[in-house]
Amino acid sequence: MSFYDQWSAILIAAIAGFILVFTALIATRILAPFARERAKGISYECGMLPIGRNWAQVHVRYYLIAIVFLLFDVETVFIFPWAITYLSLAEFIFWQMILFIAILSLGLVYAWKRGVLEWK
Amino acid sequence: MEGFGPSFAFWVLAALTLVAAGGVMVSRNLLHAVLFLILTFIGVAGFFVLLSADFIAMAQVIIYVGAIAVLVLFAVLLTPRSGRDNGETRWALPGILLAVCLAAIFLFVVHDTAWNTVDEAPAGLDARALGTALLTTWVVPFEIASVLLTAALVGAIMLTRSPEEEAEDALV
């Protein structure tokens with residue numbers, strides 16, 4: 001099996017995903033009734049008219065959630081080469097990844113204690 | 001590795017990447033620009049697959065499409081006046097000039113270099129070999145990487161949590 005044969009499954013999945021999303025978008029455009037009025041665009045159907053633009057600055061605390069996501073994203077990059085090799089290696093290789101995840105979990109515990117994950 | 005499939009995939013990916021990169025520049029809405037940027041990253045990941053670099057393709061998808069895109073998205077959302085559109089700028093003409101100069105240099109270098117090619121992907125560069133090397137020979141740097149990531153997380157929390165917020169949280 002050549003290198004490209006392995007990736008043909010991903011290609012087929014990508015094409016199938018594209019067709020699914022595209023047909024869903026096109027079908028709603030064709031089948032669903034649309035009422036294009038200015039009043040449809042406002043936040044509340046019955047109520048006061050909103051003032052200003054529709055842009056609200058996001059609080060900086062949400063940036064921390066992005067950073068927590070980023071770190072565990074980078075962790076995933078390390079897990080991938082481990083996941084395809086650890087069965088063919090010695091058993092302590094498995095525990096090395098557990099240690100890796102445990103050290104990173106300490107960071108998550110710290111973030112949790114400091115209330116970074118609190119929703120307010 | 002030559003054949004119809006890879007060269008067809010190359011041209012499709014090249015078209016996708018270039019159109020998406022153009023979309024980043026042209027789109028007025030900054031959020032649409034970020035979405036086009038994600039499409040560009042996916043195209044680049046496809047190029048890595050064509051170059052038989054499967055681990056780098058995976059890392060490209062996870063780091064760039066996942067993490068960097070989220071960071072850019074948050075940067076746009078956190079910027080106070082980014083709700084205004086990608087307005088007219090006086091720097092369009094110098095920017096185009098610079099891009100043309102850069103493209104000329106790149107074309108010259110690409111054309112001038114004697115590219116050494118091999119038929120098969122060199123052994124020891126795929127994700128399996130990388131995982132084995134990472135977990136046997138380089139296991140100490142691998143574990144230190146997790147300490148580094150934890151330190152980065154703690155540092156980010158220390159920097160962004162203000163004392164007022166801490167006091168606020170203490171009251172609740």
# chains A, B, ... in the order shown; residues from 1 in each chain; ligands from 1
$ interface_residues --of "chain B" --to "chain A" --cutoff "6 Å" --atoms "only C-alpha atoms" --output "PDB file with N, CA, C and O atoms, in the first residue's frame"
ATOM      1  N   ALA B  67      -5.001  25.788  17.032  1.00  0.00           N
ATOM      2  CA  ALA B  67      -4.571  26.727  18.064  1.00  0.00           C
ATOM      3  C   ALA B  67      -4.382  28.146  17.530  1.00  0.00           C
ATOM      4  O   ALA B  67      -4.918  29.098  18.097  1.00  0.00           O
ATOM      5  N   LEU B  77     -11.596  39.320  18.532  1.00  0.00           N
ATOM      6  CA  LEU B  77     -12.748  39.580  19.401  1.00  0.00           C
ATOM      7  C   LEU B  77     -12.377  40.475  20.576  1.00  0.00           C
ATOM      8  O   LEU B  77     -13.225  41.186  21.106  1.00  0.00           O
ATOM      9  N   LEU B  78     -11.096  40.436  21.009  1.00  0.00           N
ATOM     10  CA  LEU B  78     -10.692  41.225  22.172  1.00  0.00           C
ATOM     11  C   LEU B  78     -10.307  42.645  21.798  1.00  0.00           C
ATOM     12  O   LEU B  78     -10.193  43.495  22.669  1.00  0.00           O
ATOM     13  N   PRO B  80     -10.811  46.295  20.800  1.00  0.00           N
ATOM     14  CA  PRO B  80     -12.017  47.108  20.993  1.00  0.00           C
ATOM     15  C   PRO B  80     -12.664  47.569  19.694  1.00  0.00           C
ATOM     16  O   PRO B  80     -13.875  47.491  19.565  1.00  0.00           O
ATOM     17  N   GLY B  83     -14.549  45.873  15.306  1.00  0.00           N
ATOM     18  CA  GLY B  83     -15.855  45.739  14.701  1.00  0.00           C
ATOM     19  C   GLY B  83     -15.974  46.577  13.443  1.00  0.00           C
ATOM     20  O   GLY B  83     -16.728  46.252  12.539  1.00  0.00           O
ATOM     21  N   ALA B 127       5.747   9.569  11.260  1.00  0.00           N
ATOM     22  CA  ALA B 127       5.308   9.773  12.643  1.00  0.00           C
ATOM     23  C   ALA B 127       5.733   8.607  13.530  1.00  0.00           C
ATOM     24  O   ALA B 127       6.052   8.794  14.708  1.00  0.00           O
ATOM     25  N   ARG B 128       5.754   7.369  12.969  1.00  0.00           N
ATOM     26  CA  ARG B 128       6.110   6.203  13.768  1.00  0.00           C
ATOM     27  C   ARG B 128       7.554   6.304  14.265  1.00  0.00           C
ATOM     28  O   ARG B 128       7.838   6.132  15.453  1.00  0.00           O
ATOM     29  N   GLY B 131       7.849   9.046  16.831  1.00  0.00           N
ATOM     30  CA  GLY B 131       7.361   8.660  18.143  1.00  0.00           C
ATOM     31  C   GLY B 131       8.357   7.788  18.882  1.00  0.00           C
ATOM     32  O   GLY B 131       8.594   7.958  20.086  1.00  0.00           O
ATOM     33  N   GLU B 143       9.738  14.975  28.485  1.00  0.00           N
ATOM     34  CA  GLU B 143       9.077  15.260  29.767  1.00  0.00           C
ATOM     35  C   GLU B 143       9.269  16.712  30.164  1.00  0.00           C
ATOM     36  O   GLU B 143       8.374  17.328  30.767  1.00  0.00           O
ATOM     37  N   SER B 146       6.649  18.982  28.847  1.00  0.00           N
ATOM     38  CA  SER B 146       5.393  19.099  29.593  1.00  0.00           C
ATOM     39  C   SER B 146       5.539  20.095  30.739  1.00  0.00           C
ATOM     40  O   SER B 146       4.602  20.845  31.041  1.00  0.00           O
ATOM     41  N   THR B 150       3.347  23.496  31.234  1.00  0.00           N
ATOM     42  CA  THR B 150       2.687  23.841  32.493  1.00  0.00           C
ATOM     43  C   THR B 150       3.134  25.217  32.969  1.00  0.00           C
ATOM     44  O   THR B 150       2.314  26.028  33.423  1.00  0.00           O
TER      45      THR B 150
END
$ select_by_dssp --residues "segment 28-90 of chain B" --states "alpha helix (DSSP H)" --output "mmCIF file with all heavy atoms, in the first residue's frame"
data_model
loop_
_atom_site.group_PDB
_atom_site.id
_atom_site.type_symbol
_atom_site.label_atom_id
_atom_site.label_comp_id
_atom_site.auth_asym_id
_atom_site.auth_seq_id
_atom_site.Cartn_x
_atom_site.Cartn_y
_atom_site.Cartn_z
ATOM 1 N N LEU B 30 -13.399 41.112 9.357
ATOM 2 C CA LEU B 30 -12.196 40.478 9.889
ATOM 3 C C LEU B 30 -12.416 39.010 10.228
ATOM 4 O O LEU B 30 -11.524 38.188 10.073
ATOM 5 C CB LEU B 30 -11.730 41.224 11.135
ATOM 6 C CG LEU B 30 -10.879 42.461 10.881
ATOM 7 C CD1 LEU B 30 -10.591 43.158 12.181
ATOM 8 C CD2 LEU B 30 -9.593 42.069 10.216
ATOM 9 N N LEU B 31 -13.627 38.676 10.683
ATOM 10 C CA LEU B 31 -13.898 37.276 11.020
ATOM 11 C C LEU B 31 -13.890 36.406 9.774
ATOM 12 O O LEU B 31 -13.406 35.274 9.801
ATOM 13 C CB LEU B 31 -15.237 37.159 11.753
ATOM 14 C CG LEU B 31 -15.218 37.698 13.178
ATOM 15 C CD1 LEU B 31 -16.592 37.584 13.806
ATOM 16 C CD2 LEU B 31 -14.218 36.938 14.014
ATOM 17 N N HIS B 32 -14.396 36.951 8.662
ATOM 18 C CA HIS B 32 -14.331 36.193 7.411
ATOM 19 C C HIS B 32 -12.869 35.998 7.004
ATOM 20 O O HIS B 32 -12.496 34.934 6.484
ATOM 21 C CB HIS B 32 -15.095 36.926 6.304
ATOM 22 C CG HIS B 32 -16.566 36.985 6.542
ATOM 23 N ND1 HIS B 32 -17.419 37.750 5.802
ATOM 24 C CD2 HIS B 32 -17.317 36.352 7.465
ATOM 25 C CE1 HIS B 32 -18.652 37.595 6.241
ATOM 26 N NE2 HIS B 32 -18.622 36.769 7.267
ATOM 27 N N ALA B 33 -12.042 37.026 7.247
ATOM 28 C CA ALA B 33 -10.622 36.913 6.924
ATOM 29 C C ALA B 33 -9.982 35.777 7.717
ATOM 30 O O ALA B 33 -9.171 35.011 7.177
ATOM 31 C CB ALA B 33 -9.905 38.231 7.206
ATOM 32 N N VAL B 34 -10.370 35.642 9.003
ATOM 33 C CA VAL B 34 -9.822 34.550 9.818
ATOM 34 C C VAL B 34 -10.252 33.196 9.255
ATOM 35 O O VAL B 34 -9.460 32.258 9.183
ATOM 36 C CB VAL B 34 -10.265 34.700 11.293
ATOM 37 C CG1 VAL B 34 -9.809 33.513 12.109
ATOM 38 C CG2 VAL B 34 -9.719 35.971 11.888
ATOM 39 N N LEU B 35 -11.512 33.104 8.823
ATOM 40 C CA LEU B 35 -11.985 31.832 8.256
ATOM 41 C C LEU B 35 -11.206 31.487 6.980
ATOM 42 O O LEU B 35 -10.838 30.324 6.761
ATOM 43 C CB LEU B 35 -13.489 31.902 7.973
ATOM 44 C CG LEU B 35 -14.375 32.017 9.217
ATOM 45 C CD1 LEU B 35 -15.835 32.095 8.827
ATOM 46 C CD2 LEU B 35 -14.151 30.832 10.137
ATOM 47 N N PHE B 36 -10.941 32.493 6.148
ATOM 48 C CA PHE B 36 -10.131 32.249 4.947
ATOM 49 C C PHE B 36 -8.711 31.819 5.333
ATOM 50 O O PHE B 36 -8.108 30.974 4.664
ATOM 51 C CB PHE B 36 -10.076 33.504 4.080
ATOM 52 C CG PHE B 36 -11.218 33.631 3.129
ATOM 53 C CD1 PHE B 36 -12.074 34.705 3.187
ATOM 54 C CD2 PHE B 36 -11.439 32.653 2.168
ATOM 55 C CE1 PHE B 36 -13.134 34.815 2.306
ATOM 56 C CE2 PHE B 36 -12.495 32.761 1.277
ATOM 57 C CZ PHE B 36 -13.346 33.849 1.352
ATOM 58 N N LEU B 37 -8.197 32.409 6.411
ATOM 59 C CA LEU B 37 -6.853 32.041 6.874
ATOM 60 C C LEU B 37 -6.819 30.570 7.282
ATOM 61 O O LEU B 37 -5.858 29.846 6.979
ATOM 62 C CB LEU B 37 -6.470 32.939 8.046
ATOM 63 C CG LEU B 37 -5.021 32.872 8.517
ATOM 64 C CD1 LEU B 37 -4.117 33.418 7.449
ATOM 65 C CD2 LEU B 37 -4.838 33.642 9.796
ATOM 66 N N ILE B 38 -7.885 30.095 7.937
ATOM 67 C CA ILE B 38 -7.966 28.680 8.325
ATOM 68 C C ILE B 38 -7.944 27.800 7.079
ATOM 69 O O ILE B 38 -7.251 26.779 7.028
ATOM 70 C CB ILE B 38 -9.240 28.434 9.161
ATOM 71 C CG1 ILE B 38 -9.126 29.153 10.500
ATOM 72 C CG2 ILE B 38 -9.482 26.957 9.372
ATOM 73 C CD1 ILE B 38 -10.388 29.136 11.309
ATOM 74 N N LEU B 39 -8.671 28.227 6.026
ATOM 75 C CA LEU B 39 -8.684 27.462 4.772
ATOM 76 C C LEU B 39 -7.278 27.418 4.162
ATOM 77 O O LEU B 39 -6.838 26.381 3.640
ATOM 78 C CB LEU B 39 -9.678 28.093 3.807
ATOM 79 C CG LEU B 39 -10.188 27.214 2.673
ATOM 80 C CD1 LEU B 39 -10.848 25.978 3.228
ATOM 81 C CD2 LEU B 39 -11.155 27.988 1.800
ATOM 82 N N THR B 40 -6.553 28.540 4.247
ATOM 83 C CA THR B 40 -5.179 28.563 3.751
ATOM 84 C C THR B 40 -4.312 27.570 4.496
ATOM 85 O O THR B 40 -3.524 26.827 3.883
ATOM 86 C CB THR B 40 -4.596 29.980 3.921
ATOM 87 O OG1 THR B 40 -5.546 30.927 3.491
ATOM 88 C CG2 THR B 40 -3.323 30.138 3.117
ATOM 89 N N PHE B 41 -4.462 27.530 5.833
ATOM 90 C CA PHE B 41 -3.676 26.578 6.637
ATOM 91 C C PHE B 41 -3.983 25.136 6.231
ATOM 92 O O PHE B 41 -3.074 24.299 6.155
ATOM 93 C CB PHE B 41 -3.993 26.761 8.123
ATOM 94 C CG PHE B 41 -3.437 28.021 8.714
ATOM 95 C CD1 PHE B 41 -4.067 28.634 9.785
ATOM 96 C CD2 PHE B 41 -2.275 28.584 8.206
ATOM 97 C CE1 PHE B 41 -3.556 29.790 10.330
ATOM 98 C CE2 PHE B 41 -1.769 29.744 8.749
ATOM 99 C CZ PHE B 41 -2.410 30.345 9.813
ATOM 100 N N ILE B 42 -5.260 24.843 5.953
ATOM 101 C CA ILE B 42 -5.634 23.486 5.556
ATOM 102 C C ILE B 42 -4.982 23.142 4.216
ATOM 103 O O ILE B 42 -4.487 22.022 4.017
ATOM 104 C CB ILE B 42 -7.170 23.357 5.488
ATOM 105 C CG1 ILE B 42 -7.755 23.426 6.897
ATOM 106 C CG2 ILE B 42 -7.590 22.057 4.825
ATOM 107 C CD1 ILE B 42 -9.254 23.435 6.944
ATOM 108 N N GLY B 43 -4.934 24.123 3.306
ATOM 109 C CA GLY B 43 -4.267 23.882 2.030
ATOM 110 C C GLY B 43 -2.798 23.572 2.211
ATOM 111 O O GLY B 43 -2.253 22.652 1.577
ATOM 112 N N VAL B 44 -2.133 24.308 3.103
ATOM 113 C CA VAL B 44 -0.713 24.063 3.376
ATOM 114 C C VAL B 44 -0.516 22.668 3.979
ATOM 115 O O VAL B 44 0.437 21.955 3.636
ATOM 116 C CB VAL B 44 -0.152 25.161 4.295
ATOM 117 C CG1 VAL B 44 1.272 24.848 4.698
ATOM 118 C CG2 VAL B 44 -0.194 26.493 3.585
ATOM 119 N N ALA B 45 -1.473 22.248 4.844
ATOM 120 C CA ALA B 45 -1.393 20.893 5.410
ATOM 121 C C ALA B 45 -1.474 19.859 4.298
ATOM 122 O O ALA B 45 -0.758 18.842 4.320
ATOM 123 C CB ALA B 45 -2.528 20.685 6.415
ATOM 124 N N GLY B 46 -2.304 20.118 3.283
ATOM 125 C CA GLY B 46 -2.379 19.214 2.140
ATOM 126 C C GLY B 46 -1.051 19.129 1.406
ATOM 127 O O GLY B 46 -0.639 18.049 0.965
ATOM 128 N N PHE B 47 -0.347 20.247 1.283
ATOM 129 C CA PHE B 47 0.977 20.224 0.655
ATOM 130 C C PHE B 47 1.947 19.343 1.434
ATOM 131 O O PHE B 47 2.747 18.626 0.839
ATOM 132 C CB PHE B 47 1.557 21.635 0.546
ATOM 133 C CG PHE B 47 0.955 22.440 -0.550
ATOM 134 C CD1 PHE B 47 0.417 23.681 -0.299
ATOM 135 C CD2 PHE B 47 0.918 21.951 -1.839
ATOM 136 C CE1 PHE B 47 -0.152 24.418 -1.302
ATOM 137 C CE2 PHE B 47 0.349 22.676 -2.855
ATOM 138 C CZ PHE B 47 -0.190 23.918 -2.592
ATOM 139 N N PHE B 48 1.860 19.404 2.776
ATOM 140 C CA PHE B 48 2.742 18.552 3.588
ATOM 141 C C PHE B 48 2.448 17.076 3.339
ATOM 142 O O PHE B 48 3.367 16.264 3.300
ATOM 143 C CB PHE B 48 2.587 18.885 5.074
ATOM 144 C CG PHE B 48 3.272 20.156 5.471
ATOM 145 C CD1 PHE B 48 2.623 21.093 6.250
ATOM 146 C CD2 PHE B 48 4.570 20.403 5.077
ATOM 147 C CE1 PHE B 48 3.249 22.270 6.615
ATOM 148 C CE2 PHE B 48 5.212 21.572 5.438
ATOM 149 C CZ PHE B 48 4.545 22.502 6.204
ATOM 150 N N VAL B 49 1.150 16.741 3.151
ATOM 151 C CA VAL B 49 0.801 15.352 2.833
ATOM 152 C C VAL B 49 1.433 14.955 1.508
ATOM 153 O O VAL B 49 2.012 13.874 1.368
ATOM 154 C CB VAL B 49 -0.726 15.182 2.794
ATOM 155 C CG1 VAL B 49 -1.089 13.810 2.251
ATOM 156 C CG2 VAL B 49 -1.309 15.346 4.178
ATOM 157 N N LEU B 50 1.355 15.845 0.522
ATOM 158 C CA LEU B 50 1.940 15.544 -0.792
ATOM 159 C C LEU B 50 3.445 15.365 -0.702
ATOM 160 O O LEU B 50 4.045 14.659 -1.507
ATOM 161 C CB LEU B 50 1.620 16.664 -1.774
ATOM 162 C CG LEU B 50 0.240 16.651 -2.377
ATOM 163 C CD1 LEU B 50 0.085 17.800 -3.349
ATOM 164 C CD2 LEU B 50 0.011 15.343 -3.101
ATOM 165 N N ASP B 54 3.779 13.217 6.960
ATOM 166 C CA ASP B 54 2.466 13.054 7.574
ATOM 167 C C ASP B 54 2.390 13.686 8.959
ATOM 168 O O ASP B 54 1.374 14.275 9.309
ATOM 169 C CB ASP B 54 2.070 11.572 7.615
ATOM 170 C CG ASP B 54 3.113 10.701 8.274
ATOM 171 O OD1 ASP B 54 4.211 11.206 8.557
ATOM 172 O OD2 ASP B 54 2.830 9.517 8.509
ATOM 173 N N PHE B 55 3.486 13.575 9.742
ATOM 174 C CA PHE B 55 3.437 14.165 11.085
ATOM 175 C C PHE B 55 3.313 15.684 11.014
ATOM 176 O O PHE B 55 2.550 16.297 11.770
ATOM 177 C CB PHE B 55 4.682 13.791 11.882
ATOM 178 C CG PHE B 55 4.715 14.425 13.243
ATOM 179 C CD1 PHE B 55 3.883 13.960 14.245
ATOM 180 C CD2 PHE B 55 5.536 15.504 13.503
ATOM 181 C CE1 PHE B 55 3.893 14.551 15.494
ATOM 182 C CE2 PHE B 55 5.551 16.103 14.743
ATOM 183 C CZ PHE B 55 4.722 15.619 15.737
ATOM 184 N N ILE B 56 4.059 16.302 10.075
ATOM 185 C CA ILE B 56 3.998 17.763 9.973
ATOM 186 C C ILE B 56 2.622 18.199 9.487
ATOM 187 O O ILE B 56 2.091 19.220 9.941
ATOM 188 C CB ILE B 56 5.119 18.288 9.057
ATOM 189 C CG1 ILE B 56 6.471 17.900 9.633
ATOM 190 C CG2 ILE B 56 5.043 19.783 8.901
ATOM 191 C CD1 ILE B 56 7.623 18.361 8.817
ATOM 192 N N ALA B 57 2.020 17.394 8.601
ATOM 193 C CA ALA B 57 0.660 17.717 8.155
ATOM 194 C C ALA B 57 -0.302 17.687 9.323
ATOM 195 O O ALA B 57 -1.140 18.589 9.488
ATOM 196 C CB ALA B 57 0.231 16.728 7.068
ATOM 197 N N MET B 58 -0.167 16.649 10.179
ATOM 198 C CA MET B 58 -1.038 16.535 11.356
ATOM 199 C C MET B 58 -0.796 17.712 12.305
ATOM 200 O O MET B 58 -1.747 18.325 12.805
ATOM 201 C CB MET B 58 -0.750 15.198 12.039
ATOM 202 C CG MET B 58 -1.647 14.814 13.161
ATOM 203 S SD MET B 58 -1.199 15.562 14.693
ATOM 204 C CE MET B 58 0.426 14.876 14.940
ATOM 205 N N ALA B 59 0.496 18.032 12.517
ATOM 206 C CA ALA B 59 0.815 19.149 13.410
ATOM 207 C C ALA B 59 0.300 20.464 12.841
ATOM 208 O O ALA B 59 -0.168 21.333 13.583
ATOM 209 C CB ALA B 59 2.314 19.219 13.645
ATOM 210 N N ALA B 69 -5.459 29.584 14.847
ATOM 211 C CA ALA B 69 -6.712 30.189 14.394
ATOM 212 C C ALA B 69 -7.539 30.677 15.583
ATOM 213 O O ALA B 69 -8.116 31.765 15.533
ATOM 214 C CB ALA B 69 -7.500 29.181 13.565
ATOM 215 N N VAL B 70 -7.561 29.879 16.669
ATOM 216 C CA VAL B 70 -8.302 30.300 17.861
ATOM 217 C C VAL B 70 -7.669 31.553 18.461
ATOM 218 O O VAL B 70 -8.369 32.493 18.856
ATOM 219 C CB VAL B 70 -8.354 29.149 18.880
ATOM 220 C CG1 VAL B 70 -8.745 29.643 20.250
ATOM 221 C CG2 VAL B 70 -9.339 28.099 18.427
ATOM 222 N N LEU B 71 -6.334 31.599 18.492
ATOM 223 C CA LEU B 71 -5.657 32.783 19.033
ATOM 224 C C LEU B 71 -5.987 34.019 18.204
ATOM 225 O O LEU B 71 -6.274 35.089 18.759
ATOM 226 C CB LEU B 71 -4.150 32.563 19.043
ATOM 227 C CG LEU B 71 -3.564 31.918 20.288
ATOM 228 C CD1 LEU B 71 -2.055 32.041 20.252
ATOM 229 C CD2 LEU B 71 -4.089 32.571 21.544
ATOM 230 N N VAL B 72 -5.946 33.886 16.866
ATOM 231 C CA VAL B 72 -6.239 35.033 16.009
ATOM 232 C C VAL B 72 -7.686 35.466 16.198
ATOM 233 O O VAL B 72 -7.991 36.664 16.303
ATOM 234 C CB VAL B 72 -5.942 34.673 14.536
ATOM 235 C CG1 VAL B 72 -6.398 35.792 13.616
ATOM 236 C CG2 VAL B 72 -4.464 34.423 14.343
ATOM 237 N N LEU B 73 -8.577 34.468 16.289
ATOM 238 C CA LEU B 73 -9.992 34.764 16.495
ATOM 239 C C LEU B 73 -10.203 35.537 17.794
ATOM 240 O O LEU B 73 -10.911 36.544 17.836
ATOM 241 C CB LEU B 73 -10.758 33.445 16.532
ATOM 242 C CG LEU B 73 -12.176 33.411 16.032
ATOM 243 C CD1 LEU B 73 -12.246 33.927 14.610
ATOM 244 C CD2 LEU B 73 -12.697 31.992 16.070
ATOM 245 N N PHE B 74 -9.552 35.082 18.881
ATOM 246 C CA PHE B 74 -9.687 35.770 20.162
ATOM 247 C C PHE B 74 -9.068 37.158 20.091
ATOM 248 O O PHE B 74 -9.599 38.098 20.678
ATOM 249 C CB PHE B 74 -9.040 34.943 21.270
ATOM 250 C CG PHE B 74 -10.002 34.027 21.951
ATOM 251 C CD1 PHE B 74 -10.370 32.839 21.365
ATOM 252 C CD2 PHE B 74 -10.564 34.366 23.168
ATOM 253 C CE1 PHE B 74 -11.276 31.998 21.975
ATOM 254 C CE2 PHE B 74 -11.470 33.539 23.787
ATOM 255 C CZ PHE B 74 -11.825 32.346 23.193
ATOM 256 N N ALA B 75 -7.950 37.285 19.381
ATOM 257 C CA ALA B 75 -7.328 38.606 19.253
ATOM 258 C C ALA B 75 -8.274 39.569 18.557
ATOM 259 O O ALA B 75 -8.385 40.743 18.937
ATOM 260 C CB ALA B 75 -6.014 38.494 18.482
ATOM 261 N N VAL B 76 -8.997 39.082 17.537
ATOM 262 C CA VAL B 76 -9.957 39.944 16.847
ATOM 263 C C VAL B 76 -11.098 40.312 17.789
ATOM 264 O O VAL B 76 -11.503 41.471 17.876
ATOM 265 C CB VAL B 76 -10.493 39.231 15.581
ATOM 266 C CG1 VAL B 76 -11.671 39.984 15.003
ATOM 267 C CG2 VAL B 76 -9.398 39.107 14.551
ATOM 268 N N LEU B 77 -11.596 39.320 18.532
ATOM 269 C CA LEU B 77 -12.748 39.580 19.401
ATOM 270 C C LEU B 77 -12.377 40.475 20.576
ATOM 271 O O LEU B 77 -13.225 41.186 21.106
ATOM 272 C CB LEU B 77 -13.313 38.253 19.923
ATOM 273 C CG LEU B 77 -14.002 37.375 18.883
ATOM 274 C CD1 LEU B 77 -14.368 36.042 19.486
ATOM 275 C CD2 LEU B 77 -15.235 38.054 18.338
ATOM 276 N N LEU B 78 -11.096 40.436 21.009
ATOM 277 C CA LEU B 78 -10.692 41.225 22.172
ATOM 278 C C LEU B 78 -10.307 42.645 21.798
ATOM 279 O O LEU B 78 -10.193 43.495 22.669
ATOM 280 C CB LEU B 78 -9.498 40.550 22.858
ATOM 281 C CG LEU B 78 -9.802 39.274 23.630
ATOM 282 C CD1 LEU B 78 -8.528 38.535 23.941
ATOM 283 C CD2 LEU B 78 -10.539 39.598 24.890
#
$ atom_distance --atom1 "atom CA of Val26 of chain B" --atom2 "atom CA of Ala14 of chain B"
18.1 Å
